[in-house]
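**Student:** Dropping in my_file12.cif, with mmCIF, C-alpha atoms and all ligand atoms.
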```
data_model
#
loop_
_atom_site.label_atom_id
_atom_site.label_comp_id
_atom_site.auth_asym_id
_atom_site.auth_seq_id
_atom_site.Cartn_x
_atom_site.Cartn_y
_atom_site.Cartn_z
CA MET U 1022 171.35 -117.84 54.91
CA LYS U 1023 174.81 -116.32 54.62
CA ALA U 1024 175.96 -113.66 56.99
CA SER U 1025 178.58 -110.99 56.95
CA LYS U 1026 177.82 -108.00 59.14
CA PRO U 1027 174.16 -107.82 58.13
CA ARG U 1028 172.44 -104.62 59.22
CA LEU U 1029 168.78 -105.30 58.70
CA LEU U 1030 165.54 -103.40 59.12
CA ILE U 1031 162.20 -105.17 59.32
CA PHE U 1032 159.01 -103.32 58.38
CA GLY U 1033 155.42 -104.50 58.43
CA PRO U 1034 152.04 -103.38 59.70
CA GLN U 1035 150.96 -104.21 63.24
CA GLY U 1036 150.19 -107.92 63.52
CA SER U 1037 152.34 -108.89 60.53
CA GLY U 1038 154.61 -110.98 62.77
CA LYS U 1039 157.73 -108.89 62.27
CA GLY U 1040 158.81 -109.25 65.92
CA THR U 1041 158.59 -113.04 65.69
CA GLN U 1042 160.42 -113.19 62.38
CA ALA U 1043 163.08 -110.76 63.66
CA GLN U 1044 163.65 -113.09 66.60
CA LEU U 1045 164.15 -116.09 64.29
CA ILE U 1046 166.52 -114.16 62.03
CA SER U 1047 168.47 -112.92 65.05
CA LYS U 1048 168.97 -116.50 66.24
CA SER U 1049 169.99 -117.79 62.85
CA LEU U 1050 172.40 -114.97 61.96
CA HIS U 1051 173.73 -114.51 65.54
CA ILE U 1052 172.94 -110.82 65.55
CA PRO U 1053 170.97 -108.88 68.17
CA HIS U 1054 167.25 -108.26 67.65
CA ILE U 1055 166.69 -104.67 68.70
CA SER U 1056 163.04 -103.81 69.26
CA MET U 1057 162.41 -100.13 69.97
CA GLY U 1058 158.97 -101.00 71.40
CA ALA U 1059 160.63 -103.43 73.84
CA ILE U 1060 163.23 -100.82 74.86
CA LEU U 1061 160.45 -98.31 75.57
CA ARG U 1062 158.31 -100.83 77.46
CA LYS U 1063 161.30 -101.68 79.68
CA ILE U 1064 161.70 -98.00 80.61
CA GLN U 1065 157.94 -97.87 81.30
CA ASN U 1066 158.49 -100.24 84.23
CA ASP U 1067 160.63 -97.63 86.04
CA ASP U 1068 159.11 -95.31 88.59
CA SER U 1069 160.13 -92.13 86.79
CA ARG U 1070 158.82 -89.07 84.98
CA LEU U 1071 160.20 -90.49 81.72
CA ALA U 1072 158.24 -93.74 82.25
CA LYS U 1073 155.02 -91.72 82.68
CA ASP U 1074 155.73 -89.67 79.56
CA ILE U 1075 156.37 -92.80 77.51
CA THR U 1076 153.15 -94.43 78.77
CA HIS U 1077 151.21 -91.38 77.60
CA TYR U 1078 152.34 -91.95 73.99
CA LEU U 1079 152.28 -95.76 73.96
CA ASP U 1080 148.76 -96.11 75.33
CA ARG U 1081 147.45 -93.80 72.60
CA GLY U 1082 149.36 -95.61 69.87
CA GLU U 1083 151.33 -92.43 69.10
CA LEU U 1084 155.06 -92.18 68.39
CA VAL U 1085 157.22 -91.04 71.29
CA PRO U 1086 159.33 -88.01 70.31
CA ASP U 1087 162.20 -88.69 67.88
CA GLU U 1088 164.63 -86.97 70.22
CA LEU U 1089 164.20 -89.82 72.71
CA THR U 1090 164.12 -92.78 70.28
CA ASN U 1091 167.14 -91.43 68.41
CA LYS U 1092 169.10 -91.17 71.65
CA LEU U 1093 168.08 -94.67 72.70
CA ILE U 1094 169.02 -96.25 69.38
CA ALA U 1095 172.40 -94.48 69.30
CA VAL U 1096 173.25 -95.86 72.75
CA ARG U 1097 172.06 -99.38 71.83
CA LEU U 1098 173.98 -99.51 68.53
CA GLU U 1099 177.19 -98.56 70.35
CA LYS U 1100 177.10 -101.84 72.31
CA PRO U 1101 179.73 -104.41 71.28
CA ASP U 1102 177.19 -107.05 70.18
CA CYS U 1103 176.15 -104.77 67.28
CA LYS U 1104 179.60 -105.05 65.73
CA ALA U 1105 178.48 -108.33 64.10
CA GLY U 1106 175.38 -106.62 62.65
CA PHE U 1107 171.81 -106.23 63.94
CA ILE U 1108 168.17 -106.42 63.06
CA LEU U 1109 166.09 -103.36 63.95
CA ASP U 1110 162.38 -103.85 64.62
CA GLY U 1111 160.25 -100.72 65.10
CA TYR U 1112 162.99 -98.25 64.19
CA PRO U 1113 163.16 -96.15 62.08
CA ARG U 1114 159.47 -95.28 61.89
CA ASN U 1115 159.68 -91.93 60.11
CA LYS U 1116 162.00 -89.90 57.87
CA ASN U 1117 163.65 -88.02 60.70
CA GLN U 1118 164.64 -91.32 62.39
CA ALA U 1119 165.84 -92.84 59.09
CA GLU U 1120 168.06 -89.83 58.47
CA PHE U 1121 169.40 -89.98 62.01
CA LEU U 1122 170.19 -93.69 61.60
CA SER U 1123 171.99 -93.08 58.31
CA LYS U 1124 174.56 -90.93 60.13
CA THR U 1125 175.89 -93.96 62.04
CA SER U 1126 174.85 -97.10 60.16
CA GLN U 1127 174.69 -98.18 56.55
CA ILE U 1128 171.68 -100.47 56.31
CA THR U 1129 172.21 -103.48 54.05
CA ILE U 1130 168.75 -105.07 53.91
CA LEU U 1131 165.18 -103.93 54.37
CA LEU U 1132 162.70 -106.75 54.85
CA VAL U 1133 159.07 -105.79 54.28
CA ILE U 1134 156.39 -108.14 55.58
CA ASN U 1135 153.15 -107.50 53.72
CA LEU U 1136 149.77 -108.13 55.33
CA SER U 1137 146.36 -106.48 55.14
CA ASP U 1138 145.25 -104.35 58.09
CA GLU U 1139 142.19 -106.61 58.55
CA GLU U 1140 144.32 -109.73 58.98
CA GLY U 1141 146.78 -107.90 61.25
CA VAL U 1142 144.00 -106.67 63.54
CA LYS U 1143 142.60 -110.21 63.78
CA ARG U 1144 145.99 -111.50 64.87
CA LEU U 1145 146.55 -108.79 67.48
CA SER U 1146 143.65 -110.04 69.56
CA ASP U 1147 145.01 -112.81 71.82
CA ARG U 1148 148.62 -111.69 71.38
CA LEU U 1149 150.94 -112.07 74.38
CA MET U 1150 154.37 -110.60 74.92
CA CYS U 1151 157.27 -110.63 77.38
CA ASP U 1152 159.31 -107.63 78.54
CA ASN U 1153 162.03 -108.41 75.99
CA GLY U 1154 159.61 -108.18 73.07
CA HIS U 1155 159.21 -111.90 72.31
CA SER U 1156 155.67 -112.37 71.13
CA TYR U 1157 153.19 -115.25 71.11
CA HIS U 1158 149.63 -115.88 70.05
CA LEU U 1159 147.25 -117.93 72.16
CA HIS U 1160 146.16 -120.02 69.13
CA PHE U 1161 148.68 -119.50 66.28
CA ALA U 1162 151.93 -119.50 68.28
CA PRO U 1163 151.36 -120.48 71.92
CA PRO U 1164 154.30 -120.61 74.36
CA GLN U 1165 155.49 -124.05 75.50
CA LYS U 1166 154.77 -123.21 79.14
CA ASN U 1167 151.47 -121.43 79.63
CA GLY U 1168 152.01 -117.77 80.56
CA PHE U 1169 155.81 -117.71 80.21
CA CYS U 1170 158.26 -116.82 77.45
CA ASP U 1171 160.07 -119.76 75.79
CA VAL U 1172 163.23 -117.69 75.27
CA ASP U 1173 163.82 -116.06 78.66
CA GLY U 1174 161.14 -117.47 80.98
CA LEU U 1175 159.67 -114.01 81.69
CA PRO U 1176 155.92 -113.73 82.35
CA LEU U 1177 153.74 -112.96 79.32
CA PHE U 1178 151.23 -110.10 79.27
CA ARG U 1179 148.75 -108.42 76.95
CA ARG U 1180 149.93 -105.02 75.75
CA SER U 1181 148.14 -101.93 77.01
CA ASP U 1182 148.26 -100.41 73.50
CA GLU U 1183 146.29 -103.24 71.93
CA THR U 1184 142.95 -101.47 72.27
CA ALA U 1185 140.89 -100.88 69.10
CA GLN U 1186 141.63 -97.14 69.19
CA ALA U 1187 145.40 -97.47 69.69
CA ILE U 1188 145.68 -100.18 67.00
CA LYS U 1189 143.88 -97.91 64.52
CA GLN U 1190 146.27 -95.09 65.36
CA ARG U 1191 149.36 -97.33 65.07
CA LEU U 1192 148.28 -98.65 61.67
CA SER U 1193 147.59 -95.15 60.43
CA ILE U 1194 151.10 -94.02 61.49
CA TYR U 1195 152.60 -97.09 59.80
CA HIS U 1196 150.94 -96.25 56.48
CA GLN U 1197 151.56 -92.51 56.64
CA GLU U 1198 155.06 -92.30 58.09
CA THR U 1199 156.82 -95.67 57.99
CA GLU U 1200 155.72 -97.16 54.65
CA PRO U 1201 157.03 -94.16 52.67
CA LEU U 1202 160.49 -95.05 53.98
CA ILE U 1203 160.47 -98.09 51.67
CA ASP U 1204 160.91 -95.62 48.78
CA TYR U 1205 163.55 -93.72 50.75
CA TYR U 1206 165.59 -96.97 51.00
CA ARG U 1207 164.77 -97.97 47.42
CA ARG U 1208 166.75 -94.94 46.33
CA GLN U 1209 169.84 -96.25 48.16
CA PRO U 1210 171.77 -98.72 45.99
CA ALA U 1211 173.49 -100.27 49.03
CA VAL U 1212 170.15 -101.43 50.43
CA GLN U 1213 168.58 -104.67 49.25
CA ILE U 1214 164.79 -104.60 49.60
CA ILE U 1215 163.07 -107.93 50.18
CA ASP U 1216 159.28 -108.30 50.03
CA ILE U 1217 157.71 -111.10 52.03
CA ASP U 1218 154.13 -112.37 52.06
CA GLY U 1219 153.03 -112.28 55.71
CA ASN U 1220 149.88 -114.36 55.20
CA PRO U 1221 151.16 -117.95 55.63
CA PRO U 1222 151.88 -119.49 59.06
CA ILE U 1223 155.05 -118.35 60.89
CA PRO U 1224 157.36 -121.24 59.78
CA GLN U 1225 156.43 -120.74 56.13
CA VAL U 1226 156.99 -116.99 56.28
CA TYR U 1227 160.38 -117.69 57.82
CA GLN U 1228 161.21 -120.19 55.07
CA GLU U 1229 160.47 -117.53 52.47
CA ILE U 1230 162.74 -115.10 54.34
CA GLU U 1231 165.55 -117.68 54.51
CA LYS U 1232 165.24 -118.34 50.79
CA LYS U 1233 165.38 -114.68 49.84
CA LEU U 1234 167.84 -113.51 52.47
CA VAL U 1235 171.13 -114.00 50.70
CA ILE U 1236 173.26 -111.38 52.29
CA HIS U 1237 175.45 -109.49 49.85
CA ASP U 1238 176.65 -106.84 52.32
CA LYS U 1239 177.39 -104.47 49.48
CA ALA U 1240 178.20 -101.68 51.91
CA SER U 1241 181.00 -103.17 54.00
P1 LIG M 1301 155.95 -101.72 68.76
O1 LIG M 1301 156.29 -102.65 69.87
O2 LIG M 1301 156.99 -101.66 67.70
O3 LIG M 1301 154.57 -101.98 68.20
O4 LIG M 1301 155.91 -100.26 69.40
C1 LIG M 1301 154.97 -99.94 70.42
C2 LIG M 1301 154.88 -98.44 70.61
O5 LIG M 1301 156.14 -97.93 71.04
C3 LIG M 1301 154.53 -97.63 69.38
O6 LIG M 1301 153.14 -97.60 69.12
C4 LIG M 1301 155.07 -96.25 69.79
O7 LIG M 1301 154.22 -95.64 70.74
C5 LIG M 1301 156.37 -96.62 70.51
N1 LIG M 1301 157.50 -96.72 69.56
C6 LIG M 1301 158.14 -97.86 69.17
N2 LIG M 1301 159.12 -97.58 68.30
C7 LIG M 1301 159.10 -96.24 68.11
C8 LIG M 1301 159.85 -95.35 67.32
N3 LIG M 1301 160.81 -95.77 66.50
N4 LIG M 1301 159.55 -94.02 67.40
C9 LIG M 1301 158.58 -93.57 68.20
N5 LIG M 1301 157.81 -94.37 68.96
C10 LIG M 1301 158.06 -95.70 68.94
#
```
Could you render the structure as structure tokens?

**Tutor:**
Amino acid sequence: MKASKPRLLIFGPQGSGKGTQAQLISKSLHIPHISMGAILRKIQNDDSRLAKDITHYLDRGELVPDELTNKLIAVRLEKPDCKAGFILDGYPRNKNQAEFLSKTSQITILLVINLSDEEGVKRLSDRLMCDNGHSYHLHFAPPQKNGFCDVDGLPLFRRSDETAQAIKQRLSIYHQETEPLIDYYRRQPAVQIIDIDGNPPIPQVYQEIEKKLVIHDKAS
């Protein structure tokens, strides 16, 4: 992989492994992996009104209001580590967010991980995560030390929004609001769109990404 200020988005249905792949790309390109879900879950740990409001949306599998996610992403993208580029996971999720993002950042690459809903749902059972958004699977991708994250040593937990009802809702939002953004980016000549088959095991999916991810950085 080559790198020159890559500003990537990663899309994929729930269970497609986009968080895991984003983590690998982040390591290889030395750019921050910014997971909106992880940012929100961190705020959820506070004892605040905002934490309660966020929990209300997350546990139902609904999107938290754009006003909040837009503010959070703007603050995060201002941090110095984003000067080298970034990979966004879980943002933007709808047109309003994509338009907001376009005011501050020219995206260079959109990676789309394709997987059927059935396969994604199967993978979500037995998924574990740490507070920073690093994810594992009890059978397909277990952590080295039982119950703890390999990257930062934080305890692993099952997500409260991985109930059948919330998963159904999250998938439905992905198809109705996020997937149409692929066409929105297809209309932007500066954005390279890369399709990836999410079915093979994690290392193979990553190999396909590496092969296809030749960064042109047309926009900088
Ligand atoms: P994720 O970790 O990406 O699966 O996100 C978990 C949950 O966080 C989602 O189901 C939403 O409730 C919330 N969330 C994450 N990203 C966004 C976003 N860009 N806009 C609104 N809600 C979000």

**Student:** Calculate how many Å separate CA of Leu1122 in chain U from CA of Val1172 in chain U, rounding to one decimal.

**Tutor:** 28.5 Å

**Student:** Could you make a table, as CSV, of the residues of chain U that have an atom within 7 Å of an atom of ligand LIG 1301 (chain M), each with its nearest atom pair and distance in Å to one decimal, counting all atoms listed in the file, in chain and number order?

**Tutor:**
```
residue,atom,partner,partner_atom,distance
U:Gln1035,CA,M:LIG1301,O3,6.5
U:Ser1056,CA,M:LIG1301,O2,6.6
U:Met1057,CA,M:LIG1301,N2,4.5
U:Gly1058,CA,M:LIG1301,O1,3.5
U:Ala1059,CA,M:LIG1301,O1,5.9
U:Leu1061,CA,M:LIG1301,O5,6.3
U:Tyr1078,CA,M:LIG1301,O7,5.3
U:Leu1079,CA,M:LIG1301,O7,3.8
U:Gly1082,CA,M:LIG1301,O6,4.3
U:Glu1083,CA,M:LIG1301,O7,4.6
U:Leu1084,CA,M:LIG1301,N5,3.6
U:Val1085,CA,M:LIG1301,N5,4.1
U:Pro1086,CA,M:LIG1301,C9,6.0
U:Asp1087,CA,M:LIG1301,N4,6.0
U:Thr1090,CA,M:LIG1301,N4,5.5
U:Asp1110,CA,M:LIG1301,O2,6.6
U:Gly1111,CA,M:LIG1301,O2,4.3
U:Tyr1112,CA,M:LIG1301,N3,4.0
U:Pro1113,CA,M:LIG1301,N3,5.0
U:Arg1114,CA,M:LIG1301,N3,4.8
U:Arg1191,CA,M:LIG1301,O6,5.5
```

**Student:** Can you measure CA of Gln1118 in chain U to CA of Tyr1157 in chain U for me? One decimal in Å is fine.

**Tutor:**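 Atom-to-atom, CA of Gln1118 in chain U to CA of Tyr1157 in chain U, that is 27.9 Å.
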
**Student:** So which one's closest to Arg1180 in chain U, U:Thr1076, U:Lys1100, U:Leu1192, U:Glu1200? Using only C-alpha atoms, please.

**Tutor:**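 Comparing U:Thr1076, U:Lys1100, U:Leu1192, U:Glu1200 against Arg1180 in chain U, the winner is U:Thr1076.
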
**Student:** Of the candidates U:Asp1204, U:Asp1147, U:Asp1074, U:Glu1099, which shows the shortest atom-to-atom distance to Thr1184 in chain U, using all atoms listed in the file?

**Tutor:**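 Closest residue, counting all atoms listed in the file: U:Asp1147.
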
**Student:** If you count only C-alpha atoms, which residues fall within 10 Å of Gly1168 in chain U, apart from same-chain ones fewer than 4 positions away, as a list in words?

**Tutor:**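 Non-adjacent residues within range: Leu1149, Met1150, Cys1151, Tyr1157, Leu1159, Pro1163, Pro1164, Gly1174, Leu1175, Pro1176, Leu1177 and Phe1178 of chain U.
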
**Student:** Kindly provide the residues of range 1158-1204 of chain U that approach range 1221-1225 of chain U to within 12 Å, each paired with its closest atom pair and their distance in Å to one decimal, based on all atoms listed in the file, listed by chain and increasing number, as a Markdown table.

**Tutor:**
```
| residue | atom | partner | partner_atom | distance |
| --- | --- | --- | --- | --- |
| U:His1158 | CA | U:Ile1223 | CA | 10.9 |
| U:His1160 | CA | U:Pro1222 | CA | 11.6 |
| U:Phe1161 | CA | U:Pro1222 | CA | 7.9 |
| U:Ala1162 | CA | U:Ile1223 | CA | 8.1 |
| U:Pro1163 | CA | U:Ile1223 | CA | 11.8 |
```

**Student:** By how many Å are CA of Lys1233 in chain U and CA of Ile1130 in chain U apart?

**Tutor:**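 So the answer is 11.0 Å.
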
**Student:** Of the residues U:Arg1144, U:Lys1048, U:His1077, U:Arg1097, which is the one nearest to Gln1065 in chain U, using all atoms listed in the file?

**Tutor:**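 Closest residue, counting all atoms listed in the file: U:His1077.
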